[in-house]
>>> print(open('data.tsv').read())   # TSV, C-alpha atoms
chain	number	residue	atom	x	y	z
V	10	MET	CA	-8.71	36.05	-1.15
V	11	ALA	CA	-7.37	33.26	-3.39
V	12	PRO	CA	-9.68	30.41	-4.39
V	13	ILE	CA	-9.87	27.36	-2.14
V	14	ASP	CA	-9.75	23.85	-3.58
V	15	LEU	CA	-10.93	20.75	-1.76
V	16	ARG	CA	-9.58	17.28	-2.49
V	17	LEU	CA	-12.51	14.86	-2.54
V	18	ARG	CA	-13.20	11.17	-3.04
V	19	ASN	CA	-16.52	9.93	-4.37
V	20	LEU	CA	-17.17	6.93	-2.12
V	21	GLU	CA	-19.44	5.25	-4.67
V	22	THR	CA	-17.05	5.42	-7.65
V	23	GLU	CA	-13.72	5.89	-5.78
V	24	GLU	CA	-13.03	8.79	-8.16
V	25	LEU	CA	-10.73	11.52	-6.84
V	26	LEU	CA	-12.02	15.05	-7.44
V	27	ILE	CA	-11.17	18.69	-6.86
V	28	ALA	CA	-13.88	21.19	-5.93
V	29	SER	CA	-13.03	24.89	-6.22
V	30	PHE	CA	-14.61	27.72	-4.23
V	31	GLU	CA	-14.18	31.47	-4.57
V	32	THR	CA	-14.19	32.17	-0.84
V	33	GLU	CA	-13.73	30.56	2.55
V	34	VAL	CA	-17.43	31.16	3.25
V	35	ASP	CA	-18.47	29.24	0.10
V	36	ALA	CA	-16.13	26.38	0.97
V	37	ALA	CA	-17.33	26.24	4.58
V	38	LEU	CA	-20.98	26.24	3.49
V	39	TRP	CA	-20.37	23.39	1.05
V	40	LEU	CA	-18.44	21.45	3.72
V	41	ARG	CA	-21.31	21.77	6.22
V	42	GLU	CA	-23.76	20.50	3.58
V	43	ARG	CA	-21.32	18.01	2.08
V	44	PRO	CA	-23.16	15.67	-0.31
V	45	SER	CA	-23.67	12.12	0.82
V	46	MET	CA	-20.90	9.68	-0.13
V	47	MET	CA	-18.43	12.48	-0.82
V	48	GLU	CA	-15.37	12.28	1.45
V	49	VAL	CA	-13.19	15.34	2.02
V	50	LEU	CA	-9.53	14.34	1.83
V	51	GLY	CA	-7.98	17.74	2.30
V	52	VAL	CA	-7.87	21.43	1.65
V	53	ILE	CA	-5.67	22.98	-1.02
V	54	ALA	CA	-5.41	26.68	-0.19
V	55	GLN	CA	-2.72	29.14	-1.19
V	56	SER	CA	-2.87	30.49	2.33
V	57	ASP	CA	-0.67	28.99	5.05
V	58	ASP	CA	-2.97	30.44	7.71
V	59	PRO	CA	-3.57	27.62	10.23
V	60	ALA	CA	-6.80	29.30	11.35
V	61	LEU	CA	-8.24	28.98	7.84
V	62	HIS	CA	-7.38	25.29	7.64
V	63	LEU	CA	-8.74	24.67	11.15
V	64	ALA	CA	-11.98	26.53	10.37
V	65	LEU	CA	-12.51	24.50	7.20
V	66	ARG	CA	-11.73	21.21	8.97
V	67	ARG	CA	-14.26	22.07	11.66
V	68	ALA	CA	-16.86	22.95	9.03
V	69	VAL	CA	-16.86	19.47	7.47
V	70	ARG	CA	-20.04	17.49	8.14
V	71	PRO	CA	-18.89	14.28	9.88
V	72	LEU	CA	-19.22	11.01	7.99
V	73	ASP	CA	-22.43	9.20	8.71
V	74	GLU	CA	-22.45	5.51	9.61
V	75	ASP	CA	-22.78	4.30	5.99
V	76	GLU	CA	-20.06	6.64	4.76
V	77	ALA	CA	-17.72	5.63	7.58
V	78	ALA	CA	-18.24	1.95	6.70
V	79	VAL	CA	-17.38	2.62	3.04
V	80	VAL	CA	-14.29	4.64	4.02
V	81	ALA	CA	-13.14	1.84	6.33
V	82	ARG	CA	-13.65	-0.74	3.56
V	83	LEU	CA	-11.80	1.38	0.97
V	84	ASP	CA	-8.95	2.13	3.38
V	85	GLU	CA	-8.63	-1.56	4.25
V	86	ALA	CA	-8.55	-2.52	0.56
V	87	SER	CA	-5.96	0.19	-0.10
V	88	GLU	CA	-3.83	-1.08	2.80
V	89	ARG	CA	-4.05	-4.68	1.50
V	90	ALA	CA	-3.03	-3.51	-1.98
V	91	PHE	CA	-0.13	-1.52	-0.54
V	92	GLU	CA	1.07	-4.53	1.48
V	93	ALA	CA	0.77	-6.80	-1.57
V	94	ARG	CA	2.83	-4.35	-3.66
V	95	ALA	CA	5.43	-4.10	-0.89
V	96	GLU	CA	5.67	-7.90	-0.63
V	97	GLU	CA	6.00	-8.21	-4.42
V	98	GLU	CA	8.71	-5.54	-4.50
V	99	ALA	CA	10.58	-7.24	-1.64
V	100	ARG	CA	10.34	-10.61	-3.41
V	101	ARG	CA	11.58	-9.13	-6.69
V	102	ALA	CA	14.43	-7.30	-4.92
V	103	ALA	CA	15.49	-10.55	-3.19
V	104	GLU	CA	15.44	-12.41	-6.52
V	105	GLU	CA	17.47	-9.66	-8.20
V	106	ALA	CA	19.97	-9.62	-5.34
V	107	GLU	CA	20.39	-13.39	-5.52
V	108	ALA	CA	20.80	-13.28	-9.31
V	109	TYR	CA	23.42	-10.56	-8.89
V	110	ARG	CA	25.29	-12.58	-6.23
V	111	ALA	CA	25.24	-15.61	-8.56
V	112	SER	CA	26.58	-13.51	-11.44
V	113	MET	CA	29.36	-12.18	-9.19
V	114	ARG	CA	30.36	-15.74	-8.20
V	115	ASN	CA	30.69	-16.57	-11.91
V	116	ALA	CA	32.49	-13.35	-12.90
V	117	ASP	CA	36.20	-13.17	-13.75
V	118	PRO	CA	38.07	-13.58	-10.44
V	119	LYS	CA	40.91	-11.38	-11.80
V	120	ARG	CA	38.65	-8.37	-12.35
V	121	PRO	CA	39.37	-5.24	-10.28
V	122	MET	CA	37.88	-5.17	-6.80
V	123	GLN	CA	36.79	-2.23	-4.68
V	124	VAL	CA	37.92	-2.50	-1.08
V	125	ALA	CA	37.00	-0.31	1.87
V	126	TRP	CA	39.44	0.08	4.73
V	127	SER	CA	38.95	1.77	8.10
V	128	LEU	CA	40.92	2.11	11.32
V	129	GLU	CA	38.18	0.33	13.28
V	130	GLY	CA	36.85	-2.15	10.74
V	131	GLY	CA	39.83	-3.26	8.72
V	132	PHE	CA	39.15	-4.48	5.19
V	133	ALA	CA	35.87	-5.28	3.41
V	134	ALA	CA	34.68	-5.55	-0.17
V	135	VAL	CA	32.61	-2.48	-1.07
V	136	ASP	CA	30.19	-4.72	-2.95
V	137	SER	CA	28.81	-7.18	-0.39
V	138	ALA	CA	28.10	-9.63	-3.23
V	139	ASP	CA	31.81	-9.78	-4.06
V	140	GLU	CA	32.85	-12.86	-2.08
V	141	ARG	CA	36.48	-12.94	-3.21
V	142	PRO	CA	38.97	-12.99	-0.33
V	143	ILE	CA	41.11	-9.92	0.29
V	144	SER	CA	44.57	-11.45	0.24
V	145	ALA	CA	47.42	-10.47	2.55
V	146	GLU	CA	49.22	-9.03	-0.48
V	147	VAL	CA	46.24	-6.79	-1.31
V	148	GLN	CA	45.92	-5.73	2.33
V	149	ALA	CA	49.61	-4.81	2.49
V	150	ALA	CA	49.28	-2.70	-0.70
V	151	ILE	CA	46.25	-0.88	0.73
V	152	VAL	CA	48.04	-0.21	4.04
V	153	GLU	CA	51.01	1.18	2.10
V	154	TRP	CA	48.61	3.41	0.09
V	155	VAL	CA	47.00	4.62	3.34
V	156	ARG	CA	50.36	5.32	5.04
V	157	GLU	CA	51.40	7.48	2.07
V	158	ARG	CA	48.20	9.55	2.50
V	159	ASP	CA	48.87	9.73	6.26
V	160	GLU	CA	52.00	11.70	5.35
V	161	TRP	CA	49.91	14.11	3.26
V	162	VAL	CA	47.74	15.11	6.26
V	163	ALA	CA	50.19	14.63	9.15
V	164	ASP	CA	51.12	18.32	9.38
V	165	ARG	CA	47.48	19.04	10.31
V	166	GLY	CA	47.45	16.45	13.10
V	167	LEU	CA	45.38	14.04	11.00
V	168	ILE	CA	45.62	10.47	9.75
V	169	VAL	CA	43.54	8.47	7.29
V	170	GLY	CA	40.52	7.03	9.07
V	171	GLU	CA	38.76	5.46	6.09
V	172	ALA	CA	39.64	4.73	2.49
V	173	VAL	CA	38.07	3.16	-0.59
V	174	VAL	CA	40.38	1.88	-3.30
V	175	THR	CA	40.21	-0.30	-6.37
V	176	VAL	CA	42.77	-3.10	-6.49
V	177	TRP	CA	43.92	-5.95	-8.67
V	178	PRO	CA	43.08	-8.91	-6.41
V	179	LEU	CA	45.18	-11.53	-8.20
V	180	ASP	CA	47.75	-11.20	-10.98
V	181	LEU	CA	49.03	-7.72	-11.76
V	182	PRO	CA	48.78	-6.69	-15.40
V	183	ALA	CA	52.12	-5.53	-16.81
V	184	GLY	CA	53.00	-2.00	-15.74
V	185	GLU	CA	50.14	-1.73	-13.20
V	186	SER	CA	50.25	-1.09	-9.46
V	187	ARG	CA	48.24	-3.28	-7.09
V	188	VAL	CA	46.15	-0.24	-6.04
V	189	HIS	CA	44.56	1.69	-8.90
V	190	ARG	CA	44.85	5.46	-9.12
V	191	GLY	CA	41.99	7.56	-7.81
V	192	GLY	CA	41.07	6.03	-4.47
V	193	THR	CA	39.37	8.18	-1.85
V	194	PHE	CA	40.14	8.68	1.80
V	195	THR	CA	38.72	10.48	4.83
V	196	PRO	CA	41.16	12.00	7.32
V	197	VAL	CA	40.42	11.99	11.04
V	198	THR	CA	42.11	13.50	14.08
V	199	LYS	CA	45.12	11.49	15.09
V	200	PRO	CA	44.27	9.52	18.26
V	201	ASP	CA	46.24	10.12	21.41
V	202	PRO	CA	49.05	7.55	21.90
>>> encode(input="data.tsv", output="structure tokens")
Amino acid sequence: MAPIDLRLRNLETEELLIASFETEVDAALWLRERPSMMEVLGVIAQSDDPALHLALRRAVRPLDEDEAAVVARLDEASERAFEARAEEEARRAAEEAEAYRASMRNADPKRPMQVAWSLEGGFAAVDSADERPISAEVQAAIVEWVRERDEWVADRGLIVGEAVVTVWPLDLPAGESRVHRGGTFTPVTKPDP
């Protein structure tokens, strides 16, 4: 049988440890006589046999009152630290999102814009921080682009259900089309009239 490793935590030092045993019997004996202030976190065994894992779990000497109090205190501290990290990450993400929105408001209004279109939802900027309006001229160019793709899939009883394209939202550079090359679309079954 392959060796069995136990994941442990020393409750006095909070150090995480691994204890290795040659056999299930050795591991079970150690678990029954588990040293004080040594918490068993889990079993690492190469066997997927649920009976082995169950037998080893049942062999663990339960935590005494002092050990249980330390575990509760450590778990509570760990939970507080986790919540503090989550709050800090949320705060930082909100600050980054606001900074990005501010940078988008100050960016060149003539820059290309990605627009999503769908049968149900109409038009929307792909980047929610892009607050530029989608003009009627841009919408008409996207609809024309979609109708051309409708022709591509019509013989299969499909139409374009969704599309994402990049457009020039304001002035067209010389020789450019309103809708850039390379947009994507998703065909759907043509609805009944």
>>> closest_residue(input="data.tsv", among="V:Pro71, V:Gly170, V:Pro118, V:Gly191", to="Arg41 of chain V", atoms="only C-alpha atoms")
V:Pro71
>>> residues_around(input="data.tsv", residues="Leu65 of chain V", least_positions_apart="4", cutoff="8 Å", atoms="all atoms listed in the file", output="PyMOL selection string")
chain V and resi 33+36-37+40+52+61+69
>>> residues_around(input="data.tsv", residues="segment 100-111 of chain V", least_positions_apart="3", cutoff="12 Å", atoms="all atoms listed in the file", output="list in words")
Ala93, Arg94, Ala95, Glu96, Glu97, Arg114, Asn115, Ala116, Asp136, Ser137, Ala138, Asp139, Glu140 and Arg141 of chain V
>>> residues_around(input="data.tsv", residues="Ile27 of chain V", least_positions_apart="4", cutoff="10 Å", atoms="only C-alpha atoms", output="NGL selection string")
:V and (13-18 or 49-53)
>>> atom_distance(input="data.tsv", atom1="atom CA of Ala163 of chain V", atom2="atom CA of Val197 of chain V")
10.3 Å
>>> closest_residue(input="data.tsv", among="V:Phe91, V:Trp177, V:Trp154, V:Trp161", to="Gln123 of chain V", atoms="all atoms listed in the file")
V:Trp177
>>> closest_residue(input="data.tsv", among="V:Glu153, V:Asp117, V:Glu185, V:Glu23", to="Asp84 of chain V", atoms="only C-alpha atoms")
V:Glu23
>>> atom_distance(input="data.tsv", atom1="atom CA of Ser56 of chain V", atom2="atom CA of Ala68 of chain V")
17.2 Å
>>> closest_residue(input="data.tsv", among="V:Ala145, V:Lys199, V:Gly192, V:Ala86", to="Arg165 of chain V", atoms="only C-alpha atoms")
V:Lys199
>>> atom_distance(input="data.tsv", atom1="atom CA of Trp126 of chain V", atom2="atom CA of Ala150 of chain V")
11.6 Å
>>> axis_aligned_box(input="data.tsv", around="segment 75-81 of chain V", padding_each_side="4 Å", output="AutoDock Vina command-line options")
--center_x -18.0 --center_y 4.2 --center_z 5.3 --size_x 17.6 --size_y 12.8 --size_z 12.5
>>> closest_residue(input="data.tsv", among="V:Trp39, V:Val176, V:Phe30, V:Ala64", to="Arg120 of chain V", atoms="all atoms listed in the file")
V:Val176
>>> residues_around(input="data.tsv", residues="segment 127-134 of chain V", least_positions_apart="6", cutoff="9 Å", atoms="only C-alpha atoms", output="PyMOL selection string")
chain V and resi 140-143+148+169-173
>>> closest_residue(input="data.tsv", among="V:Arg67, V:Met122, V:Leu167, V:Ser112", to="Leu38 of chain V", atoms="only C-alpha atoms")
V:Arg67
>>> decode(input="data.tsv", residues="segment 130-163 of chain V", atoms="N, CA, C and O atoms", output="mmCIF file, in the first residue's frame")
data_model
loop_
_atom_site.group_PDB
_atom_site.id
_atom_site.type_symbol
_atom_site.label_atom_id
_atom_site.label_comp_id
_atom_site.auth_asym_id
_atom_site.auth_seq_id
_atom_site.Cartn_x
_atom_site.Cartn_y
_atom_site.Cartn_z
ATOM 1 N N GLY V 130 -31.953 43.150 -27.795
ATOM 2 C CA GLY V 130 -31.437 44.257 -26.990
ATOM 3 C C GLY V 130 -31.054 45.504 -27.740
ATOM 4 O O GLY V 130 -30.772 46.532 -27.139
ATOM 5 N N GLY V 131 -31.004 45.447 -29.064
ATOM 6 C CA GLY V 131 -30.601 46.626 -29.800
ATOM 7 C C GLY V 131 -29.106 46.876 -29.716
ATOM 8 O O GLY V 131 -28.314 45.939 -29.826
ATOM 9 N N PHE V 132 -28.714 48.114 -29.465
ATOM 10 C CA PHE V 132 -27.325 48.529 -29.518
ATOM 11 C C PHE V 132 -26.795 48.855 -28.126
ATOM 12 O O PHE V 132 -27.506 49.455 -27.325
ATOM 13 N N ALA V 133 -25.524 48.525 -27.883
ATOM 14 C CA ALA V 133 -24.878 48.873 -26.614
ATOM 15 C C ALA V 133 -23.378 48.873 -26.823
ATOM 16 O O ALA V 133 -22.846 48.059 -27.587
ATOM 17 N N ALA V 134 -22.696 49.781 -26.141
ATOM 18 C CA ALA V 134 -21.230 49.772 -26.178
ATOM 19 C C ALA V 134 -20.740 48.506 -25.486
ATOM 20 O O ALA V 134 -21.267 48.122 -24.441
ATOM 21 N N VAL V 135 -19.762 47.838 -26.082
ATOM 22 C CA VAL V 135 -19.203 46.633 -25.465
ATOM 23 C C VAL V 135 -18.545 46.992 -24.143
ATOM 24 O O VAL V 135 -18.697 46.284 -23.155
ATOM 25 N N ASP V 136 -17.832 48.096 -24.129
ATOM 26 C CA ASP V 136 -17.186 48.567 -22.906
ATOM 27 C C ASP V 136 -18.177 49.469 -22.170
ATOM 28 O O ASP V 136 -18.515 50.552 -22.635
ATOM 29 N N SER V 137 -18.659 49.016 -21.018
ATOM 30 C CA SER V 137 -19.671 49.785 -20.282
ATOM 31 C C SER V 137 -19.150 51.147 -19.834
ATOM 32 O O SER V 137 -19.934 52.034 -19.518
ATOM 33 N N ALA V 138 -17.835 51.333 -19.817
ATOM 34 C CA ALA V 138 -17.274 52.629 -19.436
ATOM 35 C C ALA V 138 -17.253 53.603 -20.613
ATOM 36 O O ALA V 138 -16.972 54.785 -20.424
ATOM 37 N N ASP V 139 -17.530 53.104 -21.795
ATOM 38 C CA ASP V 139 -17.573 53.976 -22.977
ATOM 39 C C ASP V 139 -18.957 54.604 -23.040
ATOM 40 O O ASP V 139 -19.938 53.972 -23.406
ATOM 41 N N GLU V 140 -19.037 55.878 -22.644
ATOM 42 C CA GLU V 140 -20.321 56.567 -22.510
ATOM 43 C C GLU V 140 -20.717 57.334 -23.762
ATOM 44 O O GLU V 140 -21.721 58.054 -23.761
ATOM 45 N N ARG V 141 -19.960 57.192 -24.833
ATOM 46 C CA ARG V 141 -20.308 57.917 -26.066
ATOM 47 C C ARG V 141 -21.638 57.400 -26.615
ATOM 48 O O ARG V 141 -21.918 56.200 -26.556
ATOM 49 N N PRO V 142 -22.456 58.292 -27.154
ATOM 50 C CA PRO V 142 -23.724 57.844 -27.735
ATOM 51 C C PRO V 142 -23.473 57.077 -29.028
ATOM 52 O O PRO V 142 -22.477 57.300 -29.720
ATOM 53 N N ILE V 143 -24.386 56.161 -29.320
ATOM 54 C CA ILE V 143 -24.326 55.409 -30.576
ATOM 55 C C ILE V 143 -25.297 56.114 -31.521
ATOM 56 O O ILE V 143 -26.516 55.989 -31.383
ATOM 57 N N SER V 144 -24.729 56.887 -32.431
ATOM 58 C CA SER V 144 -25.551 57.758 -33.281
ATOM 59 C C SER V 144 -26.425 56.947 -34.228
ATOM 60 O O SER V 144 -26.193 55.767 -34.486
ATOM 61 N N ALA V 145 -27.439 57.619 -34.774
ATOM 62 C CA ALA V 145 -28.340 56.986 -35.742
ATOM 63 C C ALA V 145 -27.554 56.537 -36.970
ATOM 64 O O ALA V 145 -27.840 55.481 -37.550
ATOM 65 N N GLU V 146 -26.550 57.309 -37.354
ATOM 66 C CA GLU V 146 -25.725 56.956 -38.507
ATOM 67 C C GLU V 146 -24.946 55.659 -38.244
ATOM 68 O O GLU V 146 -24.869 54.784 -39.103
ATOM 69 N N VAL V 147 -24.404 55.522 -37.040
ATOM 70 C CA VAL V 147 -23.671 54.307 -36.668
ATOM 71 C C VAL V 147 -24.643 53.129 -36.617
ATOM 72 O O VAL V 147 -24.353 52.042 -37.127
ATOM 73 N N GLN V 148 -25.808 53.345 -36.033
ATOM 74 C CA GLN V 148 -26.794 52.264 -35.950
ATOM 75 C C GLN V 148 -27.205 51.787 -37.342
ATOM 76 O O GLN V 148 -27.306 50.578 -37.584
ATOM 77 N N ALA V 149 -27.417 52.715 -38.251
ATOM 78 C CA ALA V 149 -27.810 52.348 -39.618
ATOM 79 C C ALA V 149 -26.706 51.534 -40.291
ATOM 80 O O ALA V 149 -26.991 50.544 -40.992
ATOM 81 N N ALA V 150 -25.444 51.908 -40.074
ATOM 82 C CA ALA V 150 -24.321 51.173 -40.675
ATOM 83 C C ALA V 150 -24.232 49.763 -40.094
ATOM 84 O O ALA V 150 -23.961 48.802 -40.825
ATOM 85 N N ILE V 151 -24.495 49.627 -38.804
ATOM 86 C CA ILE V 151 -24.452 48.291 -38.178
ATOM 87 C C ILE V 151 -25.598 47.431 -38.709
ATOM 88 O O ILE V 151 -25.405 46.256 -39.030
ATOM 89 N N VAL V 152 -26.785 48.010 -38.822
ATOM 90 C CA VAL V 152 -27.933 47.253 -39.352
ATOM 91 C C VAL V 152 -27.635 46.800 -40.779
ATOM 92 O O VAL V 152 -27.918 45.652 -41.153
ATOM 93 N N GLU V 153 -27.049 47.655 -41.575
ATOM 94 C CA GLU V 153 -26.688 47.281 -42.949
ATOM 95 C C GLU V 153 -25.676 46.123 -42.932
ATOM 96 O O GLU V 153 -25.799 45.173 -43.703
ATOM 97 N N TRP V 154 -24.696 46.194 -42.034
ATOM 98 C CA TRP V 154 -23.692 45.123 -41.891
ATOM 99 C C TRP V 154 -24.386 43.814 -41.502
ATOM 100 O O TRP V 154 -24.086 42.760 -42.050
ATOM 101 N N VAL V 155 -25.322 43.889 -40.558
ATOM 102 C CA VAL V 155 -26.054 42.701 -40.109
ATOM 103 C C VAL V 155 -26.890 42.127 -41.247
ATOM 104 O O VAL V 155 -26.912 40.899 -41.464
ATOM 105 N N ARG V 156 -27.608 42.967 -41.989
ATOM 106 C CA ARG V 156 -28.462 42.483 -43.080
ATOM 107 C C ARG V 156 -27.633 41.760 -44.147
ATOM 108 O O ARG V 156 -28.081 40.765 -44.721
ATOM 109 N N GLU V 157 -26.423 42.252 -44.411
ATOM 110 C CA GLU V 157 -25.555 41.562 -45.374
ATOM 111 C C GLU V 157 -25.224 40.154 -44.875
ATOM 112 O O GLU V 157 -25.257 39.193 -45.633
ATOM 113 N N ARG V 158 -24.953 40.004 -43.571
ATOM 114 C CA ARG V 158 -24.655 38.678 -43.006
ATOM 115 C C ARG V 158 -25.905 37.803 -42.956
ATOM 116 O O ARG V 158 -25.814 36.582 -43.079
ATOM 117 N N ASP V 159 -27.084 38.439 -42.814
ATOM 118 C CA ASP V 159 -28.339 37.678 -42.889
ATOM 119 C C ASP V 159 -28.408 36.921 -44.214
ATOM 120 O O ASP V 159 -28.833 35.767 -44.263
ATOM 121 N N GLU V 160 -27.975 37.573 -45.285
ATOM 122 C CA GLU V 160 -27.992 36.939 -46.610
ATOM 123 C C GLU V 160 -27.051 35.729 -46.649
ATOM 124 O O GLU V 160 -27.336 34.753 -47.341
ATOM 125 N N TRP V 161 -25.957 35.809 -45.918
ATOM 126 C CA TRP V 161 -24.977 34.716 -45.908
ATOM 127 C C TRP V 161 -25.568 33.436 -45.309
ATOM 128 O O TRP V 161 -25.168 32.338 -45.676
ATOM 129 N N VAL V 162 -26.482 33.574 -44.333
ATOM 130 C CA VAL V 162 -26.987 32.404 -43.608
ATOM 131 C C VAL V 162 -28.449 32.086 -43.926
ATOM 132 O O VAL V 162 -29.009 31.136 -43.394
ATOM 133 N N ALA V 163 -29.056 32.871 -44.810
ATOM 134 C CA ALA V 163 -30.489 32.720 -45.100
ATOM 135 C C ALA V 163 -30.824 31.350 -45.668
ATOM 136 O O ALA V 163 -31.884 30.788 -45.355
#
